[in-house]
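Undergrad: File follows, work.tsv with TSV, C-alpha atoms:
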```
chain	number	residue	atom	x	y	z
A	26	MET	CA	-2.16	-7.22	-23.99
A	27	LYS	CA	-3.93	-10.49	-24.78
A	28	ARG	CA	-4.10	-12.87	-21.87
A	29	ILE	CA	-3.61	-16.62	-21.81
A	30	THR	CA	-5.91	-18.27	-19.28
A	31	LEU	CA	-4.10	-20.50	-16.79
A	32	SER	CA	-5.24	-22.51	-13.81
A	33	VAL	CA	-4.09	-21.28	-10.43
A	34	ALA	CA	-1.90	-24.37	-10.03
A	35	VAL	CA	-0.13	-23.87	-13.36
A	36	LEU	CA	0.41	-20.18	-12.74
A	37	ALA	CA	1.74	-20.90	-9.26
A	38	ALA	CA	4.20	-23.39	-10.71
A	39	LEU	CA	5.44	-20.83	-13.21
A	40	THR	CA	5.72	-18.20	-10.50
A	41	PHE	CA	7.67	-20.46	-8.17
A	42	ALA	CA	10.18	-20.92	-10.97
A	43	LEU	CA	11.02	-17.24	-10.57
A	44	ILE	CA	12.08	-17.54	-6.94
A	45	PRO	CA	14.38	-16.01	-5.84
A	46	VAL	CA	13.78	-12.76	-7.66
A	47	THR	CA	17.16	-11.34	-6.70
A	48	GLY	CA	20.18	-11.30	-8.95
A	49	ALA	CA	20.10	-8.93	-11.92
A	50	ARG	CA	21.09	-9.79	-15.47
A	51	ASN	CA	23.74	-7.59	-17.04
A	52	GLY	CA	22.23	-4.19	-17.83
A	53	ASP	CA	18.93	-5.06	-16.13
A	54	ASP	CA	18.34	-2.59	-13.30
A	55	LEU	CA	14.78	-3.89	-12.75
A	56	ALA	CA	15.68	-7.51	-11.98
A	57	GLY	CA	14.87	-8.37	-8.38
A	58	THR	CA	12.75	-5.25	-7.76
A	59	GLU	CA	9.15	-5.33	-6.53
A	60	TRP	CA	6.55	-2.61	-7.13
A	61	GLN	CA	2.96	-1.62	-6.36
A	62	LEU	CA	0.87	0.45	-8.76
A	63	ILE	CA	-0.13	3.85	-7.35
A	64	SER	CA	-1.56	5.62	-10.42
A	65	VAL	CA	-2.66	5.02	-14.00
A	66	ASN	CA	-2.22	8.06	-16.26
A	67	ASP	CA	-2.21	10.28	-13.13
A	68	SER	CA	-5.40	8.72	-11.69
A	69	PRO	CA	-4.65	7.30	-8.20
A	70	VAL	CA	-5.18	3.61	-7.53
A	71	LEU	CA	-6.90	3.52	-4.15
A	72	ASP	CA	-9.05	0.41	-3.73
A	73	SER	CA	-7.08	-2.37	-5.37
A	74	THR	CA	-3.59	-3.83	-5.04
A	75	VAL	CA	-1.75	-4.20	-8.36
A	76	THR	CA	1.84	-5.42	-8.22
A	77	LEU	CA	4.74	-5.92	-10.63
A	78	LEU	CA	7.70	-8.07	-9.62
A	79	PHE	CA	10.72	-8.48	-11.88
A	80	GLY	CA	12.53	-11.82	-11.78
A	81	GLY	CA	16.22	-12.22	-12.45
A	82	ASP	CA	15.57	-14.17	-15.67
A	83	GLY	CA	13.62	-11.72	-17.81
A	84	ARG	CA	10.20	-12.65	-16.49
A	85	ALA	CA	7.78	-10.55	-14.46
A	86	PHE	CA	4.69	-11.45	-12.45
A	87	GLY	CA	2.28	-10.08	-9.87
A	88	SER	CA	-1.34	-9.35	-9.10
A	89	SER	CA	-3.41	-7.36	-11.59
A	90	GLY	CA	-5.90	-6.42	-8.88
A	91	CYS	CA	-8.08	-9.52	-9.10
A	92	ASN	CA	-6.02	-12.18	-10.85
A	93	SER	CA	-2.39	-13.26	-10.85
A	94	TYR	CA	-0.39	-12.90	-14.04
A	95	ILE	CA	3.01	-13.74	-15.49
A	96	THR	CA	4.82	-12.27	-18.50
A	97	THR	CA	8.32	-11.60	-19.88
A	98	TYR	CA	9.97	-8.25	-20.47
A	99	THR	CA	12.73	-6.87	-22.67
A	100	LEU	CA	14.91	-3.84	-21.97
A	101	ALA	CA	16.89	-1.77	-24.45
A	102	GLY	CA	18.31	1.34	-22.84
A	103	SER	CA	15.29	3.17	-21.43
A	104	SER	CA	12.86	1.18	-23.60
A	105	ILE	CA	10.76	-1.67	-22.22
A	106	SER	CA	8.28	-4.09	-23.70
A	107	PHE	CA	6.22	-6.93	-22.26
A	108	SER	CA	5.13	-10.15	-23.93
A	109	GLN	CA	1.64	-11.64	-23.95
A	110	ALA	CA	0.58	-12.22	-20.35
A	111	ALA	CA	-0.69	-15.47	-18.88
A	112	SER	CA	-3.30	-15.01	-16.17
A	113	THR	CA	-5.81	-16.70	-13.95
A	114	MET	CA	-9.42	-15.79	-14.72
A	115	LYS	CA	-11.15	-15.20	-11.41
A	116	ALA	CA	-14.12	-12.81	-11.50
A	117	CYS	CA	-14.13	-9.75	-9.23
A	118	ALA	CA	-16.11	-6.54	-8.82
A	119	GLU	CA	-16.68	-4.56	-12.01
A	120	ASP	CA	-14.41	-1.65	-11.06
A	121	VAL	CA	-11.59	-4.02	-10.12
A	122	MET	CA	-11.93	-5.90	-13.39
A	123	GLY	CA	-11.89	-2.58	-15.25
A	124	LEU	CA	-8.63	-1.55	-13.60
A	125	GLU	CA	-7.16	-4.98	-14.31
A	126	ALA	CA	-7.99	-4.75	-18.02
A	127	THR	CA	-6.56	-1.24	-18.24
A	128	TYR	CA	-3.38	-2.24	-16.43
A	129	LEU	CA	-2.65	-5.33	-18.52
A	130	ALA	CA	-3.38	-3.42	-21.73
A	131	ALA	CA	-0.98	-0.69	-20.59
A	132	LEU	CA	1.78	-3.25	-20.00
A	133	GLY	CA	1.18	-4.61	-23.48
A	134	ALA	CA	1.59	-1.10	-24.91
A	135	ALA	CA	4.63	-0.17	-22.78
A	136	THR	CA	7.37	1.76	-24.58
A	137	GLY	CA	9.75	3.13	-21.94
A	138	TYR	CA	10.58	3.23	-18.25
A	139	LYS	CA	12.39	5.35	-15.67
A	140	VAL	CA	13.33	4.74	-12.06
A	141	SER	CA	13.76	7.90	-9.97
A	142	ASP	CA	12.76	9.28	-6.57
A	143	GLU	CA	11.95	5.71	-5.43
A	144	GLN	CA	9.32	5.37	-8.16
A	145	LEU	CA	9.07	3.31	-11.33
A	146	VAL	CA	7.33	5.03	-14.24
A	147	ILE	CA	6.34	2.97	-17.30
A	148	ALA	CA	5.29	4.96	-20.35
A	149	TYR	CA	2.69	3.52	-22.72
A	150	GLY	CA	0.35	4.59	-25.52
A	151	SER	CA	0.44	8.28	-26.41
A	152	GLY	CA	2.34	9.69	-23.45
A	153	GLU	CA	0.33	7.85	-20.81
A	154	ARG	CA	2.06	6.29	-17.81
A	155	LEU	CA	1.88	3.76	-15.01
A	156	VAL	CA	3.48	4.92	-11.75
A	157	PHE	CA	4.67	2.43	-9.13
A	158	ALA	CA	6.06	2.73	-5.61
A	159	PRO	CA	8.29	0.09	-3.97
A	160	LEU	CA	6.21	-2.84	-2.75
A	161	ALA	CA	5.97	-2.80	1.02
A	162	SER	CA	7.50	-5.84	2.68
A	163	LEU	CA	6.08	-7.84	5.57
A	164	SER	CA	9.52	-9.08	6.59
A	165	GLY	CA	10.44	-7.91	10.09
A	166	THR	CA	7.01	-6.34	10.80
A	167	LYS	CA	4.88	-6.89	13.90
A	168	TRP	CA	1.11	-6.52	14.10
A	169	GLN	CA	-1.80	-6.63	16.52
A	170	LEU	CA	-5.24	-7.85	15.44
A	171	LEU	CA	-8.12	-5.36	15.50
A	172	SER	CA	-10.90	-7.44	13.94
A	173	TYR	CA	-11.58	-10.74	12.18
A	174	GLY	CA	-14.47	-11.36	9.79
A	175	GLY	CA	-16.05	-8.09	10.97
A	176	ASN	CA	-15.83	-9.10	14.65
A	177	ASP	CA	-13.91	-7.03	17.19
A	178	VAL	CA	-11.24	-8.80	19.19
A	179	ILE	CA	-12.25	-9.70	22.74
A	180	GLY	CA	-10.18	-10.53	25.82
A	181	ASP	CA	-7.39	-8.85	27.72
A	182	GLU	CA	-4.51	-10.47	25.83
A	183	PRO	CA	-3.73	-9.10	22.35
A	184	ILE	CA	-3.65	-11.32	19.26
A	185	THR	CA	-0.38	-10.71	17.44
A	186	LEU	CA	1.30	-11.62	14.16
A	187	GLU	CA	5.04	-11.22	13.64
A	188	PHE	CA	6.91	-11.81	10.36
A	189	ALA	CA	10.56	-12.78	10.72
A	190	GLU	CA	13.13	-12.09	8.03
A	191	ASP	CA	13.73	-15.81	7.44
A	192	GLY	CA	10.21	-16.64	6.28
A	193	ARG	CA	8.99	-17.67	9.73
A	194	VAL	CA	5.87	-16.29	11.36
A	195	GLY	CA	4.52	-16.41	14.89
A	196	GLY	CA	2.77	-14.59	17.67
A	197	SER	CA	0.02	-14.98	20.23
A	198	THR	CA	-3.59	-16.05	19.70
A	199	GLY	CA	-4.55	-14.18	22.86
A	200	CYS	CA	-4.49	-17.53	24.61
A	201	ASN	CA	-1.58	-19.57	23.17
A	202	LEU	CA	1.65	-19.00	21.27
A	203	TYR	CA	1.84	-20.20	17.66
A	204	GLY	CA	4.38	-20.40	14.87
A	205	GLY	CA	4.96	-21.56	11.31
A	206	SER	CA	6.11	-20.13	8.00
A	207	TYR	CA	4.64	-17.88	5.31
A	208	LEU	CA	5.04	-17.30	1.57
A	209	VAL	CA	4.40	-14.02	-0.25
A	210	GLU	CA	4.10	-13.65	-4.02
A	211	GLY	CA	3.12	-10.12	-4.92
A	212	SER	CA	-0.02	-9.47	-2.89
A	213	ALA	CA	-0.77	-13.19	-2.49
A	214	ILE	CA	0.04	-14.74	0.88
A	215	SER	CA	-0.20	-18.20	2.39
A	216	PHE	CA	0.73	-19.70	5.74
A	217	SER	CA	2.04	-23.18	6.49
A	218	GLU	CA	0.28	-25.46	8.94
A	219	LEU	CA	0.67	-23.52	12.17
A	220	ILE	CA	1.72	-25.13	15.43
A	221	ASN	CA	0.45	-23.72	18.73
A	222	THR	CA	0.77	-24.40	22.41
A	223	LEU	CA	-2.17	-26.08	24.12
A	224	ARG	CA	-2.88	-23.96	27.19
A	225	ALA	CA	-6.55	-23.90	28.13
A	226	CYS	CA	-8.20	-20.59	27.25
A	227	PRO	CA	-9.98	-18.65	30.03
A	228	ASP	CA	-13.46	-19.15	28.50
A	229	GLU	CA	-15.30	-20.57	25.49
A	230	ASP	CA	-15.49	-17.24	23.66
A	231	ILE	CA	-11.70	-16.77	23.78
A	232	ALA	CA	-11.21	-20.37	22.64
A	233	ALA	CA	-13.61	-19.83	19.72
A	234	GLN	CA	-11.81	-16.63	18.77
A	235	GLU	CA	-8.48	-18.47	18.77
A	236	LEU	CA	-9.84	-21.15	16.43
A	237	ALA	CA	-11.32	-18.52	14.12
A	238	PHE	CA	-8.03	-16.61	13.94
A	239	LEU	CA	-5.88	-19.67	13.21
A	240	GLY	CA	-8.45	-20.86	10.66
A	241	ALA	CA	-8.38	-17.47	8.95
A	242	LEU	CA	-4.58	-17.59	8.63
A	243	ALA	CA	-4.83	-21.09	7.15
A	244	ALA	CA	-7.31	-19.79	4.55
A	245	ALA	CA	-5.42	-16.56	3.76
A	246	THR	CA	-5.15	-15.55	0.10
A	247	HIS	CA	-4.06	-11.91	-0.20
A	248	PHE	CA	-2.78	-9.01	1.89
A	249	GLU	CA	-2.63	-5.23	1.66
A	250	LEU	CA	-0.46	-2.73	3.54
A	251	ALA	CA	-1.72	0.85	3.92
A	252	ASP	CA	-1.44	3.58	6.55
A	253	GLU	CA	0.20	1.36	9.20
A	254	GLN	CA	-2.56	-1.21	8.74
A	255	LEU	CA	-2.31	-4.77	7.44
A	256	THR	CA	-5.39	-6.41	5.92
A	257	ILE	CA	-5.33	-10.13	5.15
A	258	THR	CA	-8.15	-11.49	3.00
A	259	TYR	CA	-9.27	-15.07	3.62
A	260	GLY	CA	-12.13	-17.44	2.81
A	261	ASP	CA	-14.97	-15.79	0.88
A	262	GLY	CA	-13.59	-12.26	1.04
A	263	GLU	CA	-13.49	-11.99	4.83
A	264	GLN	CA	-10.69	-9.99	6.39
A	265	LEU	CA	-8.25	-9.93	9.27
A	266	VAL	CA	-7.43	-6.30	10.08
A	267	PHE	CA	-4.22	-5.53	11.99
A	268	THR	CA	-2.56	-2.39	13.22
A	269	VAL	CA	1.14	-1.93	13.92
A	270	LYS	CA	1.89	-3.74	17.15
A	271	PRO	CA	2.58	-1.04	19.76
A	272	VAL	CA	5.63	-1.90	21.86
A	273	VAL	CA	8.12	-0.24	24.14
A	274	THR	CA	11.61	-1.42	23.22
A	275	VAL	CA	13.88	-1.81	26.24
A	276	GLU	CA	17.59	-2.56	26.30
A	277	VAL	CA	18.72	-3.79	29.73
A	278	THR	CA	22.37	-3.51	30.73
A	279	TYR	CA	24.68	-2.73	33.65
A	280	LEU	CA	28.15	-1.21	33.88
A	281	VAL	CA	29.98	-3.44	36.35
A	282	ARG	CA	32.03	-6.41	35.14
A	283	ILE	CA	30.08	-9.23	36.74
A	284	ALA	CA	28.97	-12.38	34.95
A	285	LEU	CA	25.45	-13.54	35.64
A	286	PRO	CA	24.81	-16.99	37.14
A	287	PRO	CA	23.21	-19.55	34.80
A	288	ASP	CA	19.84	-19.37	36.56
A	289	ALA	CA	19.53	-15.57	36.31
A	290	GLU	CA	16.25	-14.11	35.07
A	291	VAL	CA	15.50	-10.59	33.82
A	292	THR	CA	12.12	-8.97	34.53
A	293	VAL	CA	11.06	-5.80	32.71
A	294	GLN	CA	7.88	-3.84	33.39
A	295	LEU	CA	6.06	-0.92	31.81
A	296	GLN	CA	4.50	1.05	34.66
A	297	ASP	CA	2.10	3.95	35.11
A	298	VAL	CA	3.94	6.13	37.65
A	299	SER	CA	1.58	9.10	37.53
A	300	ARG	CA	0.62	9.01	41.21
A	301	ALA	CA	3.39	9.71	43.68
A	302	ASP	CA	1.14	8.64	46.60
A	303	ALA	CA	0.26	5.21	45.19
A	304	PRO	CA	2.12	2.13	43.95
A	305	ALA	CA	2.93	2.08	40.26
A	306	GLU	CA	0.39	0.30	38.04
A	307	VAL	CA	1.98	-2.41	35.91
A	308	LEU	CA	0.75	-2.25	32.30
A	309	ALA	CA	3.04	-4.89	30.81
A	310	THR	CA	5.65	-7.28	32.14
A	311	GLU	CA	8.01	-9.91	30.76
A	312	THR	CA	10.41	-12.28	32.54
A	313	ARG	CA	13.10	-14.05	30.57
A	314	PRO	CA	15.80	-16.53	31.67
A	315	THR	CA	19.27	-15.45	30.58
A	316	GLY	CA	20.43	-18.97	29.83
A	317	GLY	CA	23.98	-18.08	30.86
A	318	ALA	CA	24.16	-15.03	28.56
A	319	ASN	CA	25.16	-11.59	29.75
A	320	VAL	CA	23.98	-8.05	29.06
A	321	PRO	CA	22.69	-6.36	27.04
A	322	PHE	CA	19.22	-7.90	26.76
A	323	THR	CA	16.52	-6.45	24.50
A	324	PHE	CA	12.81	-6.65	25.30
A	325	GLU	CA	9.68	-5.53	23.47
A	326	LEU	CA	6.82	-4.82	25.84
A	327	PRO	CA	3.43	-4.70	24.06
A	328	TYR	CA	0.87	-2.28	25.42
A	329	ASP	CA	-2.70	-1.17	24.73
A	330	PRO	CA	-2.65	2.38	23.25
A	331	ALA	CA	-6.15	2.94	24.63
A	332	ALA	CA	-4.73	2.55	28.15
A	333	ILE	CA	-2.19	5.36	27.63
A	334	GLU	CA	-3.30	8.84	28.68
A	335	ASP	CA	-1.35	11.85	27.45
A	336	GLY	CA	-1.39	13.51	30.86
A	337	ASN	CA	-0.01	10.49	32.70
A	338	SER	CA	3.61	9.45	33.26
A	339	TYR	CA	4.99	6.07	32.24
A	340	ALA	CA	8.33	4.47	33.00
A	341	VAL	CA	10.26	1.23	32.60
A	342	HIS	CA	11.43	-0.76	35.61
A	343	ALA	CA	13.80	-3.76	35.41
A	344	GLN	CA	15.44	-6.27	37.72
A	345	ILE	CA	17.70	-9.32	37.49
A	346	TRP	CA	17.12	-12.19	39.92
A	347	SER	CA	18.93	-15.42	40.74
A	348	GLY	CA	16.37	-17.59	42.46
A	349	ASP	CA	15.12	-15.52	45.41
A	350	THR	CA	18.15	-13.20	45.34
A	351	LEU	CA	17.85	-9.80	43.69
A	352	LEU	CA	21.11	-9.05	41.86
A	353	PHE	CA	20.41	-5.84	39.93
A	354	THR	CA	17.62	-3.26	39.81
A	355	THR	CA	16.77	0.17	38.47
A	356	ASN	CA	17.35	3.07	40.84
A	357	GLN	CA	15.68	5.79	38.79
A	358	HIS	CA	12.76	6.40	36.46
A	359	TYR	CA	13.24	5.71	32.76
A	360	PRO	CA	10.29	7.63	31.23
A	361	VAL	CA	8.63	6.54	27.98
A	362	LEU	CA	5.65	7.21	25.68
A	363	THR	CA	4.12	10.50	26.88
A	364	GLN	CA	5.25	14.08	27.49
A	365	GLY	CA	7.75	13.93	24.65
A	366	HIS	CA	9.44	10.72	25.76
A	367	PRO	CA	10.28	7.97	23.22
A	368	ASN	CA	8.99	4.41	22.93
A	369	SER	CA	12.49	2.96	23.32
A	370	VAL	CA	14.93	3.26	26.20
A	371	THR	CA	18.20	1.86	27.54
A	372	VAL	CA	17.90	0.88	31.20
A	373	VAL	CA	21.14	0.77	33.21
A	374	LEU	CA	20.78	-1.42	36.30
A	375	VAL	CA	22.78	-1.10	39.50
A	376	PRO	CA	23.96	-4.01	41.70
A	377	VAL	CA	22.08	-4.73	44.91
A	378	GLY	CA	24.03	-5.11	48.13
```
Just dump the structure as structure tokens.

TA:
Amino acid sequence: MKRITLSVAVLAALTFALIPVTGARNGDDLAGTEWQLISVNDSPVLDSTVTLLFGGDGRAFGSSGCNSYITTYTLAGSSISFSQAASTMKACAEDVMGLEATYLAALGAATGYKVSDEQLVIAYGSGERLVFAPLASLSGTKWQLLSYGGNDVIGDEPITLEFAEDGRVGGSTGCNLYGGSYLVEGSAISFSELINTLRACPDEDIAAQELAFLGALAAATHFELADEQLTITYGDGEQLVFTVKPVVTVEVTYLVRIALPPDAEVTVQLQDVSRADAPAEVLATETRPTGGANVPFTFELPYDPAAIEDGNSYAVHAQIWSGDTLLFTTNQHYPVLTQGHPNSVTVVLVPVG
């Protein structure tokens, strides 16, 4: 497949014209689907992200491992063909460029396709094939930062990144809360100008880490999802490395028919209750005003997996207060995390007094 060289700006403009990618043409079962290459002629693709996204207008685009590309496709029954691809011309490592050339040539020689067992198989050449899996989505996912630019995260408060389903993004810098929006095109990612609160950080190192993290998001270019890990590339090939944000999900409710006063607040804690002869150790806590709403309330308590010991016992404790008056509380243990217990629980409170 011969490539037409395009500037990044021109290619981006063409790609934006494909959004949204939902809405299939008649007889087009690929329109609106998004895929990631997992093998070329039965050889696994391990160290590069190659994507293929089908628009609803007969065009397709994605990342060829190093560069972004755009093309058109034609279906006739189980047959498929792709037109000459337009592509950016960024230089990458030799092995990545080799995969890119092989992939684009395979698209140019495509003859047929099949979708089955949640895989897309495109046949090309003399019985060779490209195999794709559904492209993992960031929407609705929550992450905790492990490292940035090769540096381990410092401080007691985790740095988090949460992708909402409406294109919004937010989380904690470990010092302040932040928010904004994000855009994903294949494996390319960008973030809008992020807004954060202005609380003073506990020391200069934490403040510097916060600036580095927000700067990395602003300079983000690509992402990769693999084995419950998110890697975001930024700047000159530096990386933010995240793991799935560990949380205990708690639903708080009660069974009596009593409306809460407008000033009511709900407090939920994750506690280490291993020692019967000592007060419980609080590992995570969150207090939230109800704003006049009533049960149920759902909380997500983040925790540090390194602080969880398999032999210990952990439980969730919750209360509802109105000013200095305790209205509802737990009267039993609600175990979580270890000894076969789940990471989600429904806590039923009982009235006080």

Undergrad: For a test of reading the model, state the distance in Å between CA of Glu182 in chain A and CA of Ser197 in chain A, rounded to one decimal.

TA: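 One can read the CA of Glu182 in chain A to CA of Ser197 in chain A distance as 8.5 Å.
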
Undergrad: State, in Å with one decimal place, the distance from CA of Cys200 in chain A to CA of Pro227 in chain A.

TA: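 Going from CA of Cys200 in chain A over to CA of Pro227 in chain A, I get 7.8 Å.
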
Undergrad: Which is closer to Thr350 in chain A than all the others in A:Ala331, A:Val140, A:Leu295, A:Glu290, using all atoms listed in the file?

TA: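 Among the listed residues, the smallest separation from Thr350 in chain A belongs to A:Glu290.
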
Undergrad: Neighbourhood query: residues within 12 Å of (-8.0, -21.5, 18.4), file coordinates, counting only C-alpha atoms; return as a PyMOL selection string.

TA: chain A and resi 184+197-203+219-226+228-243

Undergrad: Counting all atoms listed in the file, note down every residue that has an atom within 6 Å of the point (18.0, -2.4, -18.1) (file coordinates), as JSON, numbers by chain.

TA: {"A": [52, 53, 54, 100]}

Undergrad: Measuring between all atoms listed in the file, which one of A:Glu306, A:Glu311, A:Asp181, A:Glu59 shows the shortest distance to Leu160 in chain A?

TA: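 Using all atoms listed in the file, the shortest distance to Leu160 in chain A belongs to A:Glu59.
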